[in-house]
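Notes to accompany the following structure.
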Amino acid sequence: MTFKIAALLNKSEREGPTMDAIRARLAECAPDCELKTFVATDPEFTHQVMRYRPQVLLSYPYTARTCSVRSYLFKHILGCFNVCLRTEGQLDYRHGNKNTWLVGLEPYGPDFVDYELFWSRRIAQMTGEELVRCGKLSSPERIRVFGYPPYEVYFRPWDDAEDTMPAAYRERMDATPRERVVTFITNFCFADYSAEDIVRAGDLVDASAPDAQQEVVAGINGARRCAVFRQKWIDNILRTAYRNPDALVVVKSHPVEHIIFDRKRHNPYKEAFSRLPNILYIREPVRIADLLRRTGLFFHYGSTCLAESYLLGIPSVFVTSEELYGEGKNPTNPNFYFHDSGWESSVRADIDGVSALVARHLREPLTFTMRPHMRRVLLDVFNIDAEHLRGAKAYEPSLEIARFLAGLAQDAPQALRGDDPYVLNALDKGGLSLLDAIIASGVAALQAGNHGAALRELNEAHALSRRLDVDLRDLDHLRVICMSHLGMVQQAQRIVDAMEDSAEGKRLSARIAMPPSQGGPS
């Protein structure tokens with residue numbers, strides 16, 4: 001019997017490659033396991049998961065308000081594991097409130113998540129212990145540490161077949177001496193947020209808190225400052241390209257920005273960066289590894305991609321704006337401003353000094369030195385230690401995760417009580433959608449002639465409809481059909497007896513014992 005794992009994706013462009021790596025490792029170490037991905041924004045998401053009927057949910061973190069509802073319903077009905085694969089690497093050495101924020105605003109009980117999988121021991125210690133303390137995880141024994149699968153590429157021989165860079169971009173970057181390639185990454189999606197977006201995000205502001213209105217106002221002000229900062233990046237990138245014509249200026253925008261640009265039908269980067277011939281703007285989904293291995297100097301705003309420059313030995317520049325984000329100018333909420341998290345870069349620069357810095361680099365290229373704090377970041381955030389860096393130990397978190405998931409076949413998930421207030425809340429918010437999905441799956445099984453599976457799912461739908469106080473007479477009809485095909489005549493008759501006052505009940509009663517070939521239910 002196949003052990004099924006449903007990987008639930010929130011941002012598929014970012015999370016998909018990790019799931020692909022885990023799937024490939026499962027094929028190696030546990031061929032009786034199967035991992036299939038499901039995108040949470042797909043309108044058919046609930047139906048797809050219920051048709052798949054996994055034994056394990058492998059999910060993104062439950063941090064945003066209401067994001068746990070569907071997984072609560074899946075776990076309640078299927079009795080499956082719920083495993084959270086953490087996606088955050090935002091360890092902040094300077095602002096402890098950022099680390100606390102990773103616990104999230106969504107309330108849920110200790111029996112909901114069976115295991116939390118973290119990138120590193122340091123983050124597991126901070127966030128995991130807080131999850132236990134606030135009742136979102138039943139025990140510290142349910143915390144696991146594996147590392148970060150996307151960084152495995154830095155610990156194996158480089159394979160050109162894996163290169164994600166489009167050919168035209170690859171040729172242009174490869175034709176330029178590496179020290180003359182300067183790369184900027186962006187992620188200023190917050191610039192386009194409205195008050196509604198801030199609340200709807202679910203993990204930026206606690207809408208139920210007494211100070212929610214003030215927080216939303218702070219968020220709007222933060223979005224306005226972010227818009228100014230983004231424009232400063234655009235202006236200074238243009239200035240850099242104009243004043244340094246011998247440089248190839250590469251700009252890679254963030255996948256989350258694309259979601260907003262597509263919604264607004266306006267991409268400020270594409271419009272601005274088409275003006276100069278020595279700017280290469282990349283919107284396509286390209287691995288940072290494929291970008292940085294062709295880069296001589298890397299500019300960032302405080303991104304976790306900084307760690308990748310450590311691993312490739314690329315000098316980096318942390319870019320800020322003292323005018324916008326100087327000391328004493330920032331709100332309490334760490335999501336509303338760009339700040340230095342204490343991750344060491346080769347150089348720190350104000351945004352208005354970027355073009356001059358590039359000019360100096362072109363005259364005398366900056367070099368990279370691995371400093372002690374950089375090593376600490378790699379260990380604290382990604383579980384990469386000195387032996388990994390020396391090549392004395394393999395770095396294979398995807399394999400370790402695959403083995404862990406396969407081992408769950410010998411484990412038992414935590415059970416959710418039927419009267420659990422979080423289950424009741426999930427049923428209230430999403431019960432009807434779940435009921436529709438279960439019935440659809442049951443009918444599909446019935447049409448395929450799989451009467452055992454159909455009856456199981458239709459029975460689940462029947463039990464759920466009673467909890468939701470929904471009267472579905474046709475559901476009993478379908479259950480009787482399945483039971484008759486399975487030879488469960490007495491059970492079918494009991495259902496018919498309860499329907500005896502209806503015309504349908506009388507018709508079924510007269511035909512229930514007859515096999516389909518003689519006019520019985522079909």
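Going through the structure tokens in order, the chains are called A, B, and so on, while each chain numbers its residues from 1 and the ligands are numbered from 1 in the order shown.
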Taking the DSSP secondary structure from the backbone, can you list the residues of segment 257-367 of chain A that are strand (DSSP E or B), as a count of residues only? 17
Leaving out Val470 of chain A and any residue of its chain fewer than 3 positions from it, which residues lie within 12 Å of it when counting only C-alpha atoms, given as a PyMOL selection string? chain A and resi 431-432+435-436+461-467+473-475
I'd like to know which residues of segment 253-366 of chain A are alpha helix (DSSP H) (by DSSP, run on the backbone); could you write them as a ChimeraX atom specification? /A:255-264,268-273,288-292,306-312,322-325,354-363
Could you give me, as a list in words, the residues within 12 Å of Gly449 of chain A, counting only C-alpha atoms and dropping anything in the same chain fewer than 6 positions from it? Gly442, Val443, Leu455, Ile481, Cys482, His485, Leu486 and Ser522 of chain A
With only C-alpha atoms as the counted atoms, please give the residues lying no more than 8 Å from segment 177-181 of chain A, apart from itself and same-chain residues fewer than 5 positions off, as a VMD selection string. chain A and resid 246 to 250 294 to 297 362 365
Neighbours of Asp206 of chain A within 12 Å (only C-alpha atoms; same-chain residues fewer than 3 positions away dropped), as a PDB file with all heavy atoms, in the first residue's frame?
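Below you can see out-v5.pdb, which holds the result:
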```
ATOM      1  N   THR A  63       0.942  30.559  10.117  1.00  0.00           N
ATOM      2  CA  THR A  63       1.186  31.836  10.789  1.00  0.00           C
ATOM      3  C   THR A  63       0.076  32.854  10.545  1.00  0.00           C
ATOM      4  O   THR A  63      -0.254  33.627  11.438  1.00  0.00           O
ATOM      5  CB  THR A  63       2.523  32.428  10.339  1.00  0.00           C
ATOM      6  OG1 THR A  63       2.550  32.508   8.906  1.00  0.00           O
ATOM      7  CG2 THR A  63       3.693  31.564  10.806  1.00  0.00           C
ATOM      8  N   ALA A  64      -0.502  32.868   9.350  1.00  0.00           N
ATOM      9  CA  ALA A  64      -1.507  33.872   9.009  1.00  0.00           C
ATOM     10  C   ALA A  64      -2.889  33.462   9.511  1.00  0.00           C
ATOM     11  O   ALA A  64      -3.222  32.273   9.572  1.00  0.00           O
ATOM     12  CB  ALA A  64      -1.539  34.083   7.498  1.00  0.00           C
ATOM     13  N   ARG A  65      -3.673  34.445   9.851  1.00  0.00           N
ATOM     14  CA  ARG A  65      -5.029  34.207  10.330  1.00  0.00           C
ATOM     15  C   ARG A  65      -5.835  33.378   9.334  1.00  0.00           C
ATOM     16  O   ARG A  65      -5.789  33.615   8.130  1.00  0.00           O
ATOM     17  CB  ARG A  65      -5.751  35.543  10.565  1.00  0.00           C
ATOM     18  CG  ARG A  65      -5.265  36.297  11.794  1.00  0.00           C
ATOM     19  CD  ARG A  65      -5.809  35.668  13.064  1.00  0.00           C
ATOM     20  NE  ARG A  65      -5.519  36.471  14.241  1.00  0.00           N
ATOM     21  CZ  ARG A  65      -5.923  36.157  15.457  1.00  0.00           C
ATOM     22  NH1 ARG A  65      -6.602  35.055  15.661  1.00  0.00           N
ATOM     23  NH2 ARG A  65      -5.635  36.937  16.472  1.00  0.00           N
ATOM     24  N   THR A  66      -6.568  32.395   9.835  1.00  0.00           N
ATOM     25  CA  THR A  66      -7.493  31.488   9.130  1.00  0.00           C
ATOM     26  C   THR A  66      -6.792  30.443   8.267  1.00  0.00           C
ATOM     27  O   THR A  66      -7.462  29.599   7.674  1.00  0.00           O
ATOM     28  CB  THR A  66      -8.529  32.235   8.248  1.00  0.00           C
ATOM     29  OG1 THR A  66      -7.910  32.736   7.066  1.00  0.00           O
ATOM     30  CG2 THR A  66      -9.189  33.372   9.018  1.00  0.00           C
ATOM     31  N   TRP A 101       7.747  36.931  16.062  1.00  0.00           N
ATOM     32  CA  TRP A 101       6.702  37.024  15.038  1.00  0.00           C
ATOM     33  C   TRP A 101       6.574  35.731  14.245  1.00  0.00           C
ATOM     34  O   TRP A 101       5.489  35.397  13.761  1.00  0.00           O
ATOM     35  CB  TRP A 101       7.030  38.190  14.103  1.00  0.00           C
ATOM     36  CG  TRP A 101       6.166  38.254  12.888  1.00  0.00           C
ATOM     37  CD1 TRP A 101       4.888  38.716  12.807  1.00  0.00           C
ATOM     38  CD2 TRP A 101       6.510  37.815  11.575  1.00  0.00           C
ATOM     39  NE1 TRP A 101       4.421  38.605  11.524  1.00  0.00           N
ATOM     40  CE2 TRP A 101       5.395  38.049  10.751  1.00  0.00           C
ATOM     41  CE3 TRP A 101       7.651  37.253  11.015  1.00  0.00           C
ATOM     42  CZ2 TRP A 101       5.398  37.744   9.394  1.00  0.00           C
ATOM     43  CZ3 TRP A 101       7.653  36.934   9.674  1.00  0.00           C
ATOM     44  CH2 TRP A 101       6.535  37.190   8.878  1.00  0.00           C
ATOM     45  N   GLY A 104       3.670  33.305  14.688  1.00  0.00           N
ATOM     46  CA  GLY A 104       2.452  33.545  13.926  1.00  0.00           C
ATOM     47  C   GLY A 104       1.278  34.026  14.743  1.00  0.00           C
ATOM     48  O   GLY A 104       1.252  33.935  15.972  1.00  0.00           O
ATOM     49  N   LEU A 105       0.270  34.539  14.029  1.00  0.00           N
ATOM     50  CA  LEU A 105      -0.942  35.073  14.655  1.00  0.00           C
ATOM     51  C   LEU A 105      -2.087  34.068  14.685  1.00  0.00           C
ATOM     52  O   LEU A 105      -3.041  34.255  15.420  1.00  0.00           O
ATOM     53  CB  LEU A 105      -1.402  36.329  13.893  1.00  0.00           C
ATOM     54  CG  LEU A 105      -0.432  37.515  13.887  1.00  0.00           C
ATOM     55  CD1 LEU A 105      -0.992  38.645  13.034  1.00  0.00           C
ATOM     56  CD2 LEU A 105      -0.168  38.002  15.302  1.00  0.00           C
ATOM     57  N   GLU A 106      -1.999  33.011  13.876  1.00  0.00           N
ATOM     58  CA  GLU A 106      -3.099  32.047  13.815  1.00  0.00           C
ATOM     59  C   GLU A 106      -3.152  31.204  15.089  1.00  0.00           C
ATOM     60  O   GLU A 106      -2.164  30.562  15.463  1.00  0.00           O
ATOM     61  CB  GLU A 106      -2.920  31.136  12.598  1.00  0.00           C
ATOM     62  CG  GLU A 106      -3.940  30.007  12.482  1.00  0.00           C
ATOM     63  CD  GLU A 106      -5.345  30.464  12.122  1.00  0.00           C
ATOM     64  OE1 GLU A 106      -5.700  31.613  12.425  1.00  0.00           O
ATOM     65  OE2 GLU A 106      -6.090  29.652  11.546  1.00  0.00           O
ATOM     66  N   PRO A 107      -4.297  31.171  15.769  1.00  0.00           N
ATOM     67  CA  PRO A 107      -4.413  30.315  16.955  1.00  0.00           C
ATOM     68  C   PRO A 107      -4.777  28.878  16.560  1.00  0.00           C
ATOM     69  O   PRO A 107      -5.595  28.659  15.665  1.00  0.00           O
ATOM     70  CB  PRO A 107      -5.557  30.976  17.742  1.00  0.00           C
ATOM     71  CG  PRO A 107      -6.412  31.610  16.696  1.00  0.00           C
ATOM     72  CD  PRO A 107      -5.492  32.008  15.570  1.00  0.00           C
ATOM     73  N   ILE A 198      -3.019  44.765   4.132  1.00  0.00           N
ATOM     74  CA  ILE A 198      -2.312  44.569   5.395  1.00  0.00           C
ATOM     75  C   ILE A 198      -3.120  43.683   6.329  1.00  0.00           C
ATOM     76  O   ILE A 198      -2.593  42.773   6.969  1.00  0.00           O
ATOM     77  CB  ILE A 198      -2.005  45.939   6.049  1.00  0.00           C
ATOM     78  CG1 ILE A 198      -0.944  46.680   5.229  1.00  0.00           C
ATOM     79  CG2 ILE A 198      -1.528  45.765   7.490  1.00  0.00           C
ATOM     80  CD1 ILE A 198      -0.766  48.130   5.618  1.00  0.00           C
ATOM     81  N   VAL A 199      -4.431  43.927   6.388  1.00  0.00           N
ATOM     82  CA  VAL A 199      -5.300  43.116   7.254  1.00  0.00           C
ATOM     83  C   VAL A 199      -5.493  41.733   6.659  1.00  0.00           C
ATOM     84  O   VAL A 199      -5.409  40.715   7.355  1.00  0.00           O
ATOM     85  CB  VAL A 199      -6.656  43.817   7.460  1.00  0.00           C
ATOM     86  CG1 VAL A 199      -7.611  42.913   8.239  1.00  0.00           C
ATOM     87  CG2 VAL A 199      -6.465  45.134   8.204  1.00  0.00           C
ATOM     88  N   ARG A 200      -5.728  41.682   5.345  1.00  0.00           N
ATOM     89  CA  ARG A 200      -6.031  40.408   4.693  1.00  0.00           C
ATOM     90  C   ARG A 200      -4.845  39.454   4.707  1.00  0.00           C
ATOM     91  O   ARG A 200      -5.017  38.236   4.679  1.00  0.00           O
ATOM     92  CB  ARG A 200      -6.474  40.664   3.254  1.00  0.00           C
ATOM     93  CG  ARG A 200      -7.021  39.426   2.532  1.00  0.00           C
ATOM     94  CD  ARG A 200      -7.621  39.813   1.203  1.00  0.00           C
ATOM     95  NE  ARG A 200      -6.682  40.579   0.408  1.00  0.00           N
ATOM     96  CZ  ARG A 200      -7.047  41.468  -0.512  1.00  0.00           C
ATOM     97  NH1 ARG A 200      -8.309  41.723  -0.718  1.00  0.00           N
ATOM     98  NH2 ARG A 200      -6.117  42.109  -1.217  1.00  0.00           N
ATOM     99  N   ALA A 201      -3.625  39.986   4.766  1.00  0.00           N
ATOM    100  CA  ALA A 201      -2.431  39.131   4.795  1.00  0.00           C
ATOM    101  C   ALA A 201      -2.486  38.145   5.948  1.00  0.00           C
ATOM    102  O   ALA A 201      -2.012  37.011   5.846  1.00  0.00           O
ATOM    103  CB  ALA A 201      -1.174  39.982   4.889  1.00  0.00           C
ATOM    104  N   GLY A 202      -3.061  38.557   7.064  1.00  0.00           N
ATOM    105  CA  GLY A 202      -3.294  37.648   8.176  1.00  0.00           C
ATOM    106  C   GLY A 202      -2.124  37.449   9.110  1.00  0.00           C
ATOM    107  O   GLY A 202      -2.291  36.895  10.196  1.00  0.00           O
ATOM    108  N   ASP A 203      -0.916  37.883   8.715  1.00  0.00           N
ATOM    109  CA  ASP A 203       0.252  37.678   9.569  1.00  0.00           C
ATOM    110  C   ASP A 203       1.036  38.962   9.817  1.00  0.00           C
ATOM    111  O   ASP A 203       2.148  38.927  10.350  1.00  0.00           O
ATOM    112  CB  ASP A 203       1.182  36.612   8.987  1.00  0.00           C
ATOM    113  CG  ASP A 203       1.684  36.963   7.597  1.00  0.00           C
ATOM    114  OD1 ASP A 203       1.256  37.995   7.045  1.00  0.00           O
ATOM    115  OD2 ASP A 203       2.504  36.202   7.048  1.00  0.00           O
ATOM    116  N   ALA A 209      -6.650  42.653  17.982  1.00  0.00           N
ATOM    117  CA  ALA A 209      -5.941  43.319  19.081  1.00  0.00           C
ATOM    118  C   ALA A 209      -6.494  44.729  19.317  1.00  0.00           C
ATOM    119  O   ALA A 209      -6.986  45.371  18.377  1.00  0.00           O
ATOM    120  CB  ALA A 209      -4.450  43.387  18.775  1.00  0.00           C
ATOM    121  N   PRO A 210      -6.407  45.232  20.551  1.00  0.00           N
ATOM    122  CA  PRO A 210      -6.917  46.577  20.853  1.00  0.00           C
ATOM    123  C   PRO A 210      -6.244  47.679  20.036  1.00  0.00           C
ATOM    124  O   PRO A 210      -6.858  48.696  19.740  1.00  0.00           O
ATOM    125  CB  PRO A 210      -6.622  46.742  22.358  1.00  0.00           C
ATOM    126  CG  PRO A 210      -6.480  45.350  22.871  1.00  0.00           C
ATOM    127  CD  PRO A 210      -5.915  44.552  21.749  1.00  0.00           C
ATOM    128  N   ASP A 211      -4.972  47.462  19.682  1.00  0.00           N
ATOM    129  CA  ASP A 211      -4.241  48.495  18.942  1.00  0.00           C
ATOM    130  C   ASP A 211      -4.204  48.223  17.442  1.00  0.00           C
ATOM    131  O   ASP A 211      -3.337  48.747  16.726  1.00  0.00           O
ATOM    132  CB  ASP A 211      -2.809  48.603  19.474  1.00  0.00           C
ATOM    133  CG  ASP A 211      -2.013  47.310  19.261  1.00  0.00           C
ATOM    134  OD1 ASP A 211      -2.638  46.265  18.975  1.00  0.00           O
ATOM    135  OD2 ASP A 211      -0.775  47.361  19.384  1.00  0.00           O
ATOM    136  N   ALA A 212      -5.148  47.420  16.949  1.00  0.00           N
ATOM    137  CA  ALA A 212      -5.131  47.014  15.538  1.00  0.00           C
ATOM    138  C   ALA A 212      -5.178  48.216  14.598  1.00  0.00           C
ATOM    139  O   ALA A 212      -4.472  48.259  13.590  1.00  0.00           O
ATOM    140  CB  ALA A 212      -6.289  46.066  15.248  1.00  0.00           C
ATOM    141  N   GLN A 213      -5.995  49.201  14.925  1.00  0.00           N
ATOM    142  CA  GLN A 213      -6.128  50.359  14.045  1.00  0.00           C
ATOM    143  C   GLN A 213      -4.821  51.134  13.947  1.00  0.00           C
ATOM    144  O   GLN A 213      -4.395  51.524  12.853  1.00  0.00           O
ATOM    145  CB  GLN A 213      -7.236  51.287  14.547  1.00  0.00           C
ATOM    146  CG  GLN A 213      -7.528  52.438  13.583  1.00  0.00           C
ATOM    147  CD  GLN A 213      -8.763  53.231  13.984  1.00  0.00           C
ATOM    148  OE1 GLN A 213      -9.463  52.876  14.926  1.00  0.00           O
ATOM    149  NE2 GLN A 213      -9.032  54.312  13.262  1.00  0.00           N
ATOM    150  N   GLN A 214      -4.163  51.313  15.105  1.00  0.00           N
ATOM    151  CA  GLN A 214      -2.878  52.012  15.077  1.00  0.00           C
ATOM    152  C   GLN A 214      -1.839  51.215  14.288  1.00  0.00           C
ATOM    153  O   GLN A 214      -1.009  51.786  13.574  1.00  0.00           O
ATOM    154  CB  GLN A 214      -2.362  52.247  16.501  1.00  0.00           C
ATOM    155  CG  GLN A 214      -3.244  53.154  17.356  1.00  0.00           C
ATOM    156  CD  GLN A 214      -4.211  52.355  18.227  1.00  0.00           C
ATOM    157  OE1 GLN A 214      -5.008  51.553  17.712  1.00  0.00           O
ATOM    158  NE2 GLN A 214      -4.141  52.569  19.535  1.00  0.00           N
ATOM    159  N   GLU A 215      -1.890  49.887  14.406  1.00  0.00           N
ATOM    160  CA  GLU A 215      -0.955  49.044  13.670  1.00  0.00           C
ATOM    161  C   GLU A 215      -1.181  49.146  12.158  1.00  0.00           C
ATOM    162  O   GLU A 215      -0.230  49.162  11.383  1.00  0.00           O
ATOM    163  CB  GLU A 215      -1.088  47.588  14.117  1.00  0.00           C
ATOM    164  CG  GLU A 215      -0.352  47.272  15.401  1.00  0.00           C
ATOM    165  CD  GLU A 215       1.150  47.265  15.192  1.00  0.00           C
ATOM    166  OE1 GLU A 215       1.701  46.294  14.652  1.00  0.00           O
ATOM    167  OE2 GLU A 215       1.789  48.274  15.565  1.00  0.00           O
ATOM    168  N   VAL A 216      -2.440  49.205  11.748  1.00  0.00           N
ATOM    169  CA  VAL A 216      -2.741  49.346  10.326  1.00  0.00           C
ATOM    170  C   VAL A 216      -2.215  50.682   9.812  1.00  0.00           C
ATOM    171  O   VAL A 216      -1.631  50.765   8.718  1.00  0.00           O
ATOM    172  CB  VAL A 216      -4.254  49.213  10.067  1.00  0.00           C
ATOM    173  CG1 VAL A 216      -4.582  49.564   8.616  1.00  0.00           C
ATOM    174  CG2 VAL A 216      -4.718  47.789  10.363  1.00  0.00           C
ATOM    175  N   GLY A 219       1.323  50.378   9.388  1.00  0.00           N
ATOM    176  CA  GLY A 219       1.575  49.579   8.187  1.00  0.00           C
ATOM    177  C   GLY A 219       1.454  50.395   6.919  1.00  0.00           C
ATOM    178  O   GLY A 219       2.263  50.265   5.996  1.00  0.00           O
ATOM    179  N   ASN A 333       6.646  47.126  14.811  1.00  0.00           N
ATOM    180  CA  ASN A 333       6.389  45.950  13.988  1.00  0.00           C
ATOM    181  C   ASN A 333       7.519  45.767  12.965  1.00  0.00           C
ATOM    182  O   ASN A 333       7.732  46.632  12.108  1.00  0.00           O
ATOM    183  CB  ASN A 333       5.045  46.098  13.263  1.00  0.00           C
ATOM    184  CG  ASN A 333       4.585  44.796  12.629  1.00  0.00           C
ATOM    185  OD1 ASN A 333       5.367  44.061  12.045  1.00  0.00           O
ATOM    186  ND2 ASN A 333       3.301  44.505  12.735  1.00  0.00           N
TER     187      ASN A 333
END
```
Test item: residues at most 8 Å from segment 120-134 of chain A, only C-alpha atoms, excluding those fewer than 2 positions along its chain, as a list of chain:residue names: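 Selected residues are A:Gly89, A:Leu91, A:Asn99, A:Thr100, A:Leu102, A:Val103, A:Pro110, A:Glu116, A:Phe118, A:Lys136, A:Leu137, A:Ser138, A:Ser139, A:Pro140, A:Ile143, A:Arg144, A:Val145, A:Phe146, A:Gly147, A:Leu379, A:Asp380, A:Val381, A:Phe382, A:Asn383.
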Which of these, A:Ser345, A:Ser309, A:Thr18, A:Gln414, has the shortest distance to Arg142 of chain A once you count only C-alpha atoms? A:Gln414
Residue with the minimum atom-to-atom distance to Lys11 of chain A, picked from A:Thr87, A:Ser321, A:Asn330, A:Ser68 with only C-alpha atoms counted, is A:Thr87
Got a sec: who's within 10 Å of Arg170 of chain A, counting only C-alpha atoms, leaving out chain neighbours fewer than 6 positions off, as number ranges by chain? A: 163-164, 290-291, 294
Only N, CA and C atoms, please: the residues just picked out, written as a JSON list (two decimals), in the first residue's frame.
```
[["chain", "number", "residue", "atom", "x", "y", "z"],
["A", 163, "ASP", "N", 20.97, 24.10, -14.44],
["A", 163, "ASP", "CA", 20.99, 25.56, -14.56],
["A", 163, "ASP", "C", 19.60, 26.08, -14.97],
["A", 164, "THR", "N", 19.06, 27.00, -14.16],
["A", 164, "THR", "CA", 17.72, 27.53, -14.43],
["A", 164, "THR", "C", 17.75, 28.84, -15.20],
["A", 290, "ASP", "N", 22.31, 30.15, -9.58],
["A", 290, "ASP", "CA", 22.67, 30.32, -10.98],
["A", 290, "ASP", "C", 22.98, 31.77, -11.31],
["A", 291, "LEU", "N", 22.41, 32.67, -10.54],
["A", 291, "LEU", "CA", 22.66, 34.10, -10.71],
["A", 291, "LEU", "C", 24.01, 34.49, -10.10],
["A", 294, "ARG", "N", 27.63, 33.80, -11.48],
["A", 294, "ARG", "CA", 28.05, 34.64, -12.60],
["A", 294, "ARG", "C", 28.24, 36.10, -12.18]]
```
Kindly assemble as JSON lines a list of the segment 306-354 of chain A residues that lie within 9 Å of segment 220-244 of chain A, each paired with its nearest atom pair and their distance in Å to one decimal, using only C-alpha atoms, sorted first by chain and then by ascending residue number.
```
{"residue": "A:Thr320", "atom": "CA", "partner": "A:Phe229", "partner_atom": "CA", "distance": 8.7}
{"residue": "A:Ser321", "atom": "CA", "partner": "A:Phe229", "partner_atom": "CA", "distance": 7.5}
{"residue": "A:Leu324", "atom": "CA", "partner": "A:Arg225", "partner_atom": "CA", "distance": 6.8}
{"residue": "A:Tyr325", "atom": "CA", "partner": "A:Arg225", "partner_atom": "CA", "distance": 8.8}
{"residue": "A:Asn330", "atom": "CA", "partner": "A:Gly222", "partner_atom": "CA", "distance": 8.6}
{"residue": "A:Pro331", "atom": "CA", "partner": "A:Gly222", "partner_atom": "CA", "distance": 8.2}
{"residue": "A:Asn335", "atom": "CA", "partner": "A:Gly222", "partner_atom": "CA", "distance": 8.5}
{"residue": "A:Phe336", "atom": "CA", "partner": "A:Gly222", "partner_atom": "CA", "distance": 4.8}
{"residue": "A:Tyr337", "atom": "CA", "partner": "A:Gly222", "partner_atom": "CA", "distance": 6.0}
{"residue": "A:Phe338", "atom": "CA", "partner": "A:Cys226", "partner_atom": "CA", "distance": 8.1}
{"residue": "A:Ile351", "atom": "CA", "partner": "A:Trp233", "partner_atom": "CA", "distance": 6.8}
{"residue": "A:Asp352", "atom": "CA", "partner": "A:Asn236", "partner_atom": "CA", "distance": 6.5}
{"residue": "A:Gly353", "atom": "CA", "partner": "A:Asn236", "partner_atom": "CA", "distance": 8.3}
{"residue": "A:Val354", "atom": "CA", "partner": "A:Asn236", "partner_atom": "CA", "distance": 6.7}
```
Considering only C-alpha atoms, can you say which of A:Ala498, A:Arg293, A:Gln55, A:Ile401 comes closest to Trp158 of chain A?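 Smallest distance to Trp158 of chain A is found for A:Arg293.
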Given the choices A:Phe298, A:His388, A:Glu323, A:Asp350, which gets closest to Phe368 of chain A if the distance is worked out from only C-alpha atoms? A:Phe298
Between atom CA of Gly79 of chain A and atom CA of Asp476 of chain A lies a distance of 23.7 Å
